[in-house]
>>> print(open('structure10.cif').read())   # mmCIF, C-alpha atoms and all ligand atoms
data_data
#
loop_
_atom_site.label_atom_id
_atom_site.label_comp_id
_atom_site.auth_asym_id
_atom_site.auth_seq_id
_atom_site.Cartn_x
_atom_site.Cartn_y
_atom_site.Cartn_z
CA MET A 1 4.40 -15.76 -32.77
CA THR A 2 3.36 -12.28 -33.68
CA VAL A 3 5.99 -9.77 -34.81
CA LEU A 4 4.71 -7.51 -32.04
CA ASN A 5 6.32 -9.71 -29.38
CA ASP A 6 8.58 -7.77 -27.02
CA ARG A 7 7.62 -4.36 -28.47
CA PRO A 8 7.44 -1.61 -25.79
CA TYR A 9 4.10 -0.03 -24.91
CA ALA A 10 2.93 2.82 -22.70
CA LYS A 11 -0.53 2.69 -21.13
CA MET A 12 -1.78 6.26 -20.88
CA ASN A 13 -4.99 8.22 -20.69
CA GLY A 14 -6.32 11.56 -21.82
CA LEU A 15 -8.95 12.69 -19.28
CA GLY A 16 -9.70 9.02 -18.65
CA ASN A 17 -9.90 8.07 -22.37
CA GLU A 18 -7.85 4.85 -22.24
CA ILE A 19 -4.92 4.99 -24.66
CA LEU A 20 -2.36 2.26 -25.44
CA VAL A 21 0.72 3.62 -27.21
CA VAL A 22 2.67 0.85 -28.98
CA ASP A 23 6.17 1.85 -30.11
CA LEU A 24 6.91 0.29 -33.51
CA ARG A 25 9.62 2.71 -34.55
CA GLY A 26 12.60 0.94 -36.14
CA SER A 27 10.47 -2.05 -37.10
CA VAL A 28 8.20 -3.08 -39.94
CA ALA A 29 5.67 -4.57 -37.53
CA ARG A 30 2.03 -3.51 -37.92
CA VAL A 31 -0.86 -3.88 -35.49
CA THR A 32 -3.82 -5.67 -37.10
CA GLY A 33 -7.45 -5.27 -36.06
CA GLU A 34 -7.25 -8.75 -34.53
CA ASP A 35 -4.14 -7.78 -32.51
CA ALA A 36 -5.96 -4.65 -31.29
CA ARG A 37 -9.04 -6.60 -30.19
CA ALA A 38 -6.85 -9.12 -28.31
CA LEU A 39 -4.92 -6.39 -26.50
CA SER A 40 -8.04 -4.40 -25.63
CA ARG A 41 -9.56 -7.45 -23.95
CA ARG A 42 -6.69 -7.73 -21.45
CA ARG A 43 -6.66 -5.88 -18.15
CA GLU A 44 -3.08 -4.59 -18.41
CA THR A 45 -3.40 -3.38 -22.00
CA HIS A 46 -7.13 -2.49 -22.16
CA PHE A 47 -7.76 0.63 -24.26
CA ASP A 48 -10.36 2.69 -26.06
CA GLN A 49 -7.79 3.54 -28.74
CA LEU A 50 -4.41 2.04 -29.65
CA MET A 51 -1.87 4.51 -31.08
CA ALA A 52 0.70 2.59 -33.16
CA VAL A 53 3.80 4.80 -33.45
CA HIS A 54 5.84 4.21 -36.63
CA ASP A 55 8.91 5.84 -38.14
CA PRO A 56 8.05 9.21 -39.74
CA HIS A 57 6.76 9.20 -43.33
CA THR A 58 7.35 12.93 -43.85
CA PRO A 59 10.62 14.81 -43.17
CA GLY A 60 10.25 17.15 -40.20
CA THR A 61 7.67 14.99 -38.42
CA ALA A 62 8.45 12.95 -35.31
CA ALA A 63 6.40 9.86 -36.19
CA PHE A 64 3.57 8.43 -38.27
CA MET A 65 0.62 7.14 -36.21
CA ARG A 66 -1.95 4.47 -37.03
CA ILE A 67 -5.02 4.58 -34.78
CA LEU A 68 -7.20 1.58 -33.92
CA ASN A 69 -10.37 1.51 -31.87
CA ALA A 70 -11.06 -1.21 -29.30
CA ASP A 71 -13.19 -3.04 -31.90
CA GLY A 72 -10.18 -3.22 -34.21
CA SER A 73 -11.44 -0.58 -36.67
CA GLU A 74 -8.72 1.73 -38.02
CA VAL A 75 -9.46 5.46 -37.91
CA SER A 76 -7.68 8.68 -38.87
CA ALA A 77 -7.97 10.85 -35.75
CA CYS A 78 -7.85 10.61 -31.96
CA GLY A 79 -7.41 13.86 -30.07
CA ASN A 80 -6.69 12.40 -26.63
CA GLY A 81 -4.39 9.77 -28.09
CA THR A 82 -2.46 12.39 -30.05
CA ARG A 83 -1.83 14.38 -26.87
CA CYS A 84 -0.55 11.19 -25.19
CA VAL A 85 1.87 10.33 -28.02
CA ALA A 86 3.07 13.93 -28.23
CA ASP A 87 3.69 14.07 -24.47
CA LEU A 88 5.59 10.77 -24.55
CA LEU A 89 7.86 11.84 -27.44
CA MET A 90 8.44 15.32 -25.98
CA GLN A 91 9.45 13.74 -22.64
CA GLU A 92 11.80 11.40 -24.55
CA THR A 93 13.54 14.14 -26.54
CA GLY A 94 13.09 17.24 -24.42
CA VAL A 95 11.59 19.22 -27.30
CA ARG A 96 8.51 21.37 -26.59
CA GLU A 97 7.03 21.25 -30.08
CA LEU A 98 6.79 18.48 -32.65
CA ALA A 99 4.65 17.33 -35.58
CA LEU A 100 2.91 13.98 -35.82
CA GLU A 101 1.22 12.55 -38.91
CA THR A 102 -1.79 10.32 -39.48
CA SER A 103 -3.65 9.35 -42.64
CA ALA A 104 -5.73 12.53 -42.08
CA GLY A 105 -2.66 14.82 -42.20
CA LEU A 106 -0.19 16.62 -39.98
CA LEU A 107 -0.78 17.44 -36.30
CA VAL A 108 1.46 20.15 -34.77
CA CYS A 109 1.73 19.58 -31.02
CA GLU A 110 3.09 21.95 -28.37
CA ALA A 111 3.86 21.39 -24.68
CA GLY A 112 1.52 23.42 -22.46
CA ILE A 113 2.33 25.46 -19.39
CA ARG A 114 1.44 22.72 -16.87
CA PRO A 115 3.31 19.36 -16.88
CA GLY A 116 1.56 16.82 -19.12
CA GLU A 117 -0.54 19.51 -20.81
CA VAL A 118 -0.42 19.50 -24.62
CA THR A 119 -1.97 21.70 -27.30
CA VAL A 120 -2.66 19.99 -30.65
CA ASP A 121 -3.50 21.83 -33.86
CA MET A 122 -6.20 19.47 -35.15
CA GLY A 123 -6.44 21.25 -38.51
CA ALA A 124 -9.60 22.70 -40.05
CA PRO A 125 -13.00 20.97 -39.77
CA LYS A 126 -15.02 19.87 -42.80
CA PHE A 127 -18.77 20.40 -42.93
CA GLY A 128 -19.82 19.27 -46.43
CA TRP A 129 -22.24 16.32 -46.34
CA ALA A 130 -19.92 14.20 -48.51
CA ASP A 131 -16.93 15.03 -46.26
CA ILE A 132 -18.61 13.81 -43.05
CA PRO A 133 -19.53 11.47 -44.88
CA LEU A 134 -23.33 11.18 -45.06
CA ALA A 135 -25.18 8.73 -47.29
CA GLU A 136 -27.37 11.47 -48.74
CA ALA A 137 -27.04 15.15 -49.53
CA PHE A 138 -27.89 17.75 -46.89
CA ALA A 139 -27.42 21.39 -47.83
CA ASP A 140 -27.24 22.55 -44.21
CA THR A 141 -25.13 20.27 -41.99
CA ARG A 142 -25.68 22.54 -38.97
CA ALA A 143 -28.91 20.58 -38.45
CA ILE A 144 -29.66 17.42 -40.42
CA GLU A 145 -32.84 15.32 -40.46
CA LEU A 146 -32.17 12.60 -37.93
CA GLN A 147 -34.17 11.96 -34.77
CA LEU A 148 -34.76 9.42 -32.04
CA GLY A 149 -38.06 8.79 -30.25
CA PRO A 150 -41.73 9.39 -31.18
CA ILE A 151 -42.19 11.07 -34.54
CA GLU A 152 -44.40 13.79 -33.08
CA ALA A 153 -42.15 14.42 -30.06
CA PRO A 154 -38.60 13.11 -30.68
CA LEU A 155 -36.28 12.87 -27.67
CA ILE A 156 -33.30 14.12 -29.68
CA HIS A 157 -33.25 15.48 -33.23
CA SER A 158 -31.59 17.76 -35.81
CA PRO A 159 -27.93 17.06 -34.96
CA SER A 160 -25.04 19.11 -36.29
CA VAL A 161 -22.45 17.01 -38.14
CA ALA A 162 -18.75 17.67 -38.69
CA ASN A 163 -15.58 15.86 -39.73
CA VAL A 164 -12.47 16.67 -37.67
CA GLY A 165 -10.43 13.82 -39.10
CA ASN A 166 -13.31 11.52 -38.19
CA PRO A 167 -17.12 11.74 -38.39
CA HIS A 168 -19.21 13.28 -35.58
CA ALA A 169 -22.90 13.93 -34.94
CA ILE A 170 -23.77 16.32 -32.10
CA PHE A 171 -27.29 16.42 -30.63
CA TRP A 172 -28.07 19.63 -28.71
CA VAL A 173 -29.90 18.90 -25.44
CA ASN A 174 -30.89 20.67 -22.21
CA ASP A 175 -30.57 17.44 -20.22
CA LEU A 176 -27.68 15.02 -20.86
CA SER A 177 -29.78 12.11 -19.57
CA VAL A 178 -32.69 12.76 -21.94
CA VAL A 179 -31.69 9.51 -23.66
CA ASP A 180 -29.59 6.60 -22.39
CA LEU A 181 -26.52 6.90 -24.62
CA ARG A 182 -25.69 3.22 -23.96
CA ARG A 183 -28.82 2.34 -25.93
CA ALA A 184 -29.11 5.29 -28.33
CA GLY A 185 -25.36 5.37 -29.10
CA PRO A 186 -24.99 2.05 -30.93
CA MET A 187 -28.17 2.64 -32.95
CA LEU A 188 -27.02 6.07 -34.10
CA GLU A 189 -23.35 5.04 -34.55
CA SER A 190 -24.41 2.52 -37.19
CA HIS A 191 -27.35 4.48 -38.68
CA PRO A 192 -27.49 4.07 -42.50
CA LEU A 193 -27.03 7.84 -42.81
CA PHE A 194 -23.37 7.28 -41.73
CA PRO A 195 -21.66 5.00 -44.29
CA GLU A 196 -18.46 5.06 -42.19
CA ARG A 197 -20.44 5.00 -38.90
CA ALA A 198 -20.10 8.04 -36.61
CA ASN A 199 -19.16 9.24 -33.14
CA ILE A 200 -22.33 10.39 -31.33
CA SER A 201 -22.42 13.22 -28.77
CA LEU A 202 -25.04 14.82 -26.53
CA ALA A 203 -24.07 18.47 -25.98
CA LYS A 204 -25.47 20.91 -23.41
CA VAL A 205 -24.42 24.53 -23.97
CA THR A 206 -24.17 26.19 -20.52
CA SER A 207 -22.80 29.58 -21.61
CA ARG A 208 -21.19 31.35 -24.60
CA GLU A 209 -17.91 29.81 -23.43
CA ALA A 210 -18.92 26.42 -22.05
CA ILE A 211 -20.30 23.10 -23.28
CA THR A 212 -20.90 19.86 -21.35
CA LEU A 213 -20.56 16.71 -23.47
CA LYS A 214 -21.30 12.99 -23.26
CA VAL A 215 -19.94 10.79 -26.05
CA TRP A 216 -20.65 7.37 -27.52
CA GLU A 217 -17.50 6.68 -29.56
CA ARG A 218 -17.50 4.82 -32.85
CA GLY A 219 -15.69 1.53 -32.29
CA ALA A 220 -15.19 2.06 -28.54
CA GLY A 221 -18.55 2.91 -26.90
CA LEU A 222 -19.06 5.24 -23.93
CA THR A 223 -15.73 6.82 -22.97
CA LEU A 224 -14.76 9.30 -20.26
CA ALA A 225 -13.50 11.74 -22.87
CA CYS A 226 -13.24 12.15 -26.65
CA GLY A 227 -10.95 14.88 -27.97
CA THR A 228 -12.28 14.95 -31.51
CA ALA A 229 -15.87 15.07 -30.19
CA ALA A 230 -14.94 18.10 -28.10
CA CYS A 231 -13.52 19.71 -31.26
CA ALA A 232 -16.57 18.80 -33.35
CA ALA A 233 -18.99 20.08 -30.69
CA ALA A 234 -17.05 23.34 -30.25
CA VAL A 235 -16.98 24.22 -33.97
CA SER A 236 -20.62 23.16 -34.39
CA ALA A 237 -21.69 25.28 -31.42
CA ALA A 238 -19.85 28.29 -32.90
CA ARG A 239 -21.22 27.84 -36.43
CA THR A 240 -24.79 27.56 -35.09
CA GLY A 241 -24.37 30.72 -33.01
CA ARG A 242 -24.63 28.90 -29.67
CA THR A 243 -21.14 29.88 -28.45
CA GLY A 244 -18.05 31.86 -29.39
CA ARG A 245 -14.94 30.26 -30.87
CA ASP A 246 -13.04 29.78 -27.58
CA VAL A 247 -14.81 27.32 -25.26
CA ILE A 248 -14.22 24.90 -22.41
CA VAL A 249 -15.75 21.53 -23.24
CA THR A 250 -16.35 19.49 -20.08
CA LEU A 251 -16.55 15.73 -20.52
CA PRO A 252 -17.15 13.14 -17.79
CA GLY A 253 -13.35 12.80 -17.43
CA GLY A 254 -12.69 16.55 -17.27
CA PRO A 255 -12.27 19.76 -19.33
CA LEU A 256 -10.62 20.49 -22.66
CA ARG A 257 -10.07 23.99 -24.07
CA ILE A 258 -10.98 24.28 -27.74
CA VAL A 259 -10.13 27.38 -29.79
CA TRP A 260 -11.41 27.58 -33.39
CA ARG A 261 -8.90 30.05 -34.78
CA GLU A 262 -10.36 32.79 -37.00
CA SER A 263 -7.24 33.27 -39.14
CA ASP A 264 -7.09 29.79 -40.67
CA ASP A 265 -10.08 27.89 -39.23
CA HIS A 266 -7.71 25.49 -37.46
CA ILE A 267 -8.91 23.89 -34.22
CA LEU A 268 -6.54 24.08 -31.23
CA MET A 269 -7.26 21.50 -28.51
CA THR A 270 -5.52 21.80 -25.12
CA GLY A 271 -5.66 19.20 -22.37
CA PRO A 272 -3.73 16.70 -20.27
CA ALA A 273 -1.93 13.45 -21.04
CA GLU A 274 -1.16 10.97 -18.28
CA LEU A 275 1.27 8.01 -18.25
CA GLU A 276 -0.04 5.08 -16.19
CA HIS A 277 2.53 2.35 -16.78
CA ARG A 278 4.96 0.96 -19.33
CA GLY A 279 5.44 -2.66 -20.45
CA ARG A 280 6.43 -4.95 -23.26
CA LEU A 281 4.04 -6.92 -25.47
CA THR A 282 4.26 -10.69 -25.16
CA ALA A 283 3.11 -13.41 -27.54
CA GLU A 284 0.62 -14.75 -24.99
CA MET A 285 -1.22 -11.41 -25.08
CA PHE A 286 -2.35 -12.36 -28.59
CA SER A 287 -3.47 -15.89 -27.79
CA ASP A 288 -7.21 -16.43 -27.99
CA ALA A 289 -7.12 -17.73 -24.45
CA ALA A 290 -6.83 -14.12 -23.30
N1 LIG A 301 -13.68 6.65 -31.80
C1 LIG A 301 -13.10 7.63 -32.74
C2 LIG A 301 -11.56 7.61 -32.63
C3 LIG A 301 -11.06 8.10 -31.28
C4 LIG A 301 -11.58 9.45 -30.92
C5 LIG A 301 -11.39 9.87 -29.47
N2 LIG A 301 -10.92 8.89 -28.54
C6 LIG A 301 -10.58 11.15 -29.39
O1 LIG A 301 -9.96 11.41 -28.37
O2 LIG A 301 -10.65 11.92 -30.39
C7 LIG A 301 -13.50 7.25 -34.15
O3 LIG A 301 -13.80 6.07 -34.40
O4 LIG A 301 -13.51 8.14 -35.00
#
>>> encode(input="structure10.cif", output="structure tokens", more="lines below")
Ligand SMILES: N[C@H](CCC[C@H](N)C(=O)O)C(=O)O
Amino acid sequence: MTVLNDRPYAKMNGLGNEILVVDLRGSVARVTGEDARALSRRRETHFDQLMAVHDPHTPGTAAFMRILNADGSEVSACGNGTRCVADLLMQETGVRELALETSAGLLVCEAGIRPGEVTVDMGAPKFGWADIPLAEAFADTRAIELQLGPIEAPLIHSPSVANVGNPHAIFWVNDLSVVDLRRAGPMLESHPLFPERANISLAKVTSREAITLKVWERGAGLTLACGTAACAAAVSAARTGRTGRDVIVTLPGGPLRIVWRESDDHILMTGPAELEHRGRLTAEMFSDAA
């Protein structure tokens, strides 16, 4: 019998990115990778990311979050999932601003104008090759040597890389179907250049203020939206002169507004959070029969 039995959960989504919020406050229970894989396989608790909400570690924060992908891997950032947890806790307490914490640091969250809209300060991006991390040194991470397709005429090449709490590679394209991300994604996600794997995006810049994005997520695959990928694409587009610092990033599930603030280089991500249903975990959810 797992210690997670009877714990409350909220099934949510952020622009269609499937999020399972498991409330472990007041308990010492922890979600293991195996627990996450079991829950993700079930219809009622299927997710791209699981946000495990624990008692705060730091005074002044509302909770500490552990984040697990559908494959059971534990990661340090999930933009859409953070908006979902923030919305849930703000609904619970009536506050309009709170701070959450993950292993990557603090995340200040603010209720937006529209119901369910949340702005998260995702902190400042990192661009150094060792911070992504990459397996070898690249002086200019705005365009690294990585390509897919024939040597003399690669289909995609020279991605920008960034770390926004997690690793991202963004390929700049004019046509989002130039490669089938279902096939290219897994190859690039696990490329030896990425010792911690990477989230892979195809980005089409449509104006100085707009980017369209398709994402293959590390540990989850193709998703309808990826908040950290939107952040990574926005800052990479700005630092390569393709856009300004205030853009709308449109994913298959919908738009996010990303502002890369000049004053402190922090990234502000604004978008929706939606509650689908609530439930309680049961022991049979963790049986292999699932
Ligand atoms: N797959 C990501 C974590 C979730 C990111 C995404 N769902 C978001 O909204 O940021 C990773 O392994 O780094």
>>> residues_around(input="structure10.cif", residues="Thr45 of chain A", least_positions_apart="5", cutoff="7 Å", atoms="all atoms listed in the file", output="PDB file with C-alpha atoms, in the coordinates of the input")
ATOM      1  CA  LYS A  11      -0.530   2.690 -21.130  1.00  0.00           C
ATOM      2  CA  LEU A  20      -2.360   2.260 -25.440  1.00  0.00           C
ATOM      3  CA  LEU A  39      -4.920  -6.390 -26.500  1.00  0.00           C
ATOM      4  CA  SER A  40      -8.040  -4.400 -25.630  1.00  0.00           C
TER       5      SER A  40
END
>>> atom_distance(input="structure10.cif", atom1="atom CA of Gly219 of chain A", atom2="atom CA of Ala203 of chain A")
19.9 Å
>>> residues_near_ligand(input="structure10.cif", ligand="ligand LIG 301 (chain A)", cutoff="8 Å", atoms="all atoms listed in the file", output="PyMOL selection string")
chain A and resi 14+17+48-49+67-69+73-82+165-168+198-199+217-221+223+225-230
>>> atom_distance(input="structure10.cif", atom1="atom CA of Leu4 of chain A", atom2="atom CA of Asp23 of chain A")
9.7 Å
>>> residues_around(input="structure10.cif", residues="Ala52 of chain A", least_positions_apart="2", cutoff="7 Å", atoms="all atoms listed in the file", output="NGL selection string")
:A and (21-24 or 50 or 54 or 65-67)
>>> write_last_selection(input="structure10.cif", atoms="C-alpha atoms", output="JSON list (two decimals), keeping the file's coordinate frame")
[["chain", "number", "residue", "atom", "x", "y", "z"],
["A", 21, "VAL", "CA", 0.72, 3.62, -27.21],
["A", 22, "VAL", "CA", 2.67, 0.85, -28.98],
["A", 23, "ASP", "CA", 6.17, 1.85, -30.11],
["A", 24, "LEU", "CA", 6.91, 0.29, -33.51],
["A", 50, "LEU", "CA", -4.41, 2.04, -29.65],
["A", 54, "HIS", "CA", 5.84, 4.21, -36.63],
["A", 65, "MET", "CA", 0.62, 7.14, -36.21],
["A", 66, "ARG", "CA", -1.95, 4.47, -37.03],
["A", 67, "ILE", "CA", -5.02, 4.58, -34.78]]
>>> atom_distance(input="structure10.cif", atom1="atom CA of Leu98 of chain A", atom2="atom CA of Pro115 of chain A")
16.2 Å
>>> decode(input="structure10.cif", residues="segment 151-174 of chain A", atoms="N, CA, C and O atoms", output="compact mmCIF listing (two decimals), in the first residue's frame")
# COMPACT_ATOMS: atom_id res chain seq x y z
N ILE A 151 23.83 16.12 -44.94
CA ILE A 151 24.93 17.02 -44.53
C ILE A 151 24.93 18.29 -45.38
O ILE A 151 25.00 19.40 -44.87
N GLU A 152 24.76 18.09 -46.70
CA GLU A 152 24.88 19.26 -47.59
C GLU A 152 23.61 20.12 -47.60
O GLU A 152 23.61 21.25 -48.04
N ALA A 153 22.49 19.55 -47.11
CA ALA A 153 21.26 20.36 -47.10
C ALA A 153 20.40 19.93 -45.92
O ALA A 153 19.34 19.29 -46.09
N PRO A 154 20.84 20.24 -44.69
CA PRO A 154 20.10 19.79 -43.49
C PRO A 154 18.69 20.37 -43.45
O PRO A 154 18.45 21.48 -43.91
N LEU A 155 17.77 19.58 -42.90
CA LEU A 155 16.37 20.04 -42.79
C LEU A 155 16.24 21.09 -41.68
O LEU A 155 15.52 22.07 -41.81
N ILE A 156 16.93 20.84 -40.58
CA ILE A 156 16.97 21.84 -39.49
C ILE A 156 18.40 21.88 -38.97
O ILE A 156 19.12 20.86 -39.01
N HIS A 157 18.84 23.02 -38.51
CA HIS A 157 20.25 23.13 -38.06
C HIS A 157 20.42 24.38 -37.19
O HIS A 157 19.51 25.19 -37.04
N SER A 158 21.60 24.47 -36.58
CA SER A 158 22.04 25.66 -35.83
C SER A 158 21.03 26.15 -34.79
O SER A 158 20.65 27.33 -34.79
N PRO A 159 20.58 25.28 -33.89
CA PRO A 159 19.60 25.72 -32.89
C PRO A 159 20.21 26.68 -31.87
O PRO A 159 21.42 26.64 -31.60
N SER A 160 19.33 27.51 -31.31
CA SER A 160 19.71 28.28 -30.11
C SER A 160 19.43 27.38 -28.91
O SER A 160 18.49 26.57 -28.95
N VAL A 161 20.24 27.49 -27.87
CA VAL A 161 20.00 26.71 -26.65
C VAL A 161 19.92 27.66 -25.45
O VAL A 161 20.56 28.72 -25.44
N ALA A 162 19.10 27.26 -24.48
CA ALA A 162 18.92 28.09 -23.28
C ALA A 162 18.47 27.19 -22.14
O ALA A 162 17.87 26.13 -22.38
N ASN A 163 18.78 27.63 -20.91
CA ASN A 163 18.26 26.93 -19.73
C ASN A 163 17.35 27.91 -18.97
O ASN A 163 17.77 29.01 -18.62
N VAL A 164 16.08 27.52 -18.81
CA VAL A 164 15.13 28.36 -18.08
C VAL A 164 14.61 27.57 -16.87
O VAL A 164 13.42 27.56 -16.57
N GLY A 165 15.53 26.88 -16.25
CA GLY A 165 15.21 25.96 -15.16
C GLY A 165 15.29 24.54 -15.68
O GLY A 165 15.34 23.58 -14.92
N ASN A 166 15.29 24.43 -17.02
CA ASN A 166 15.44 23.14 -17.70
C ASN A 166 16.04 23.41 -19.08
O ASN A 166 16.04 24.53 -19.56
N PRO A 167 16.59 22.38 -19.72
CA PRO A 167 17.33 22.60 -20.97
C PRO A 167 16.44 22.63 -22.20
O PRO A 167 15.56 21.77 -22.35
N HIS A 168 16.69 23.58 -23.11
CA HIS A 168 15.91 23.73 -24.34
C HIS A 168 16.81 23.97 -25.55
O HIS A 168 17.81 24.68 -25.42
N ALA A 169 16.41 23.36 -26.68
CA ALA A 169 17.04 23.65 -27.97
C ALA A 169 15.92 24.12 -28.90
O ALA A 169 14.87 23.47 -28.98
N ILE A 170 16.15 25.26 -29.55
CA ILE A 170 15.13 25.86 -30.43
C ILE A 170 15.67 25.93 -31.84
O ILE A 170 16.69 26.61 -32.09
N PHE A 171 15.02 25.22 -32.77
CA PHE A 171 15.40 25.27 -34.19
C PHE A 171 14.51 26.31 -34.88
O PHE A 171 13.27 26.25 -34.75
N TRP A 172 15.10 27.22 -35.62
CA TRP A 172 14.35 28.29 -36.29
C TRP A 172 13.94 27.80 -37.67
O TRP A 172 14.81 27.35 -38.45
N VAL A 173 12.67 27.80 -37.98
CA VAL A 173 12.17 27.25 -39.26
C VAL A 173 11.18 28.23 -39.88
O VAL A 173 10.61 29.08 -39.19
N ASN A 174 10.96 28.07 -41.18
CA ASN A 174 9.92 28.83 -41.89
C ASN A 174 8.65 28.00 -42.03
O ASN A 174 7.59 28.53 -42.35
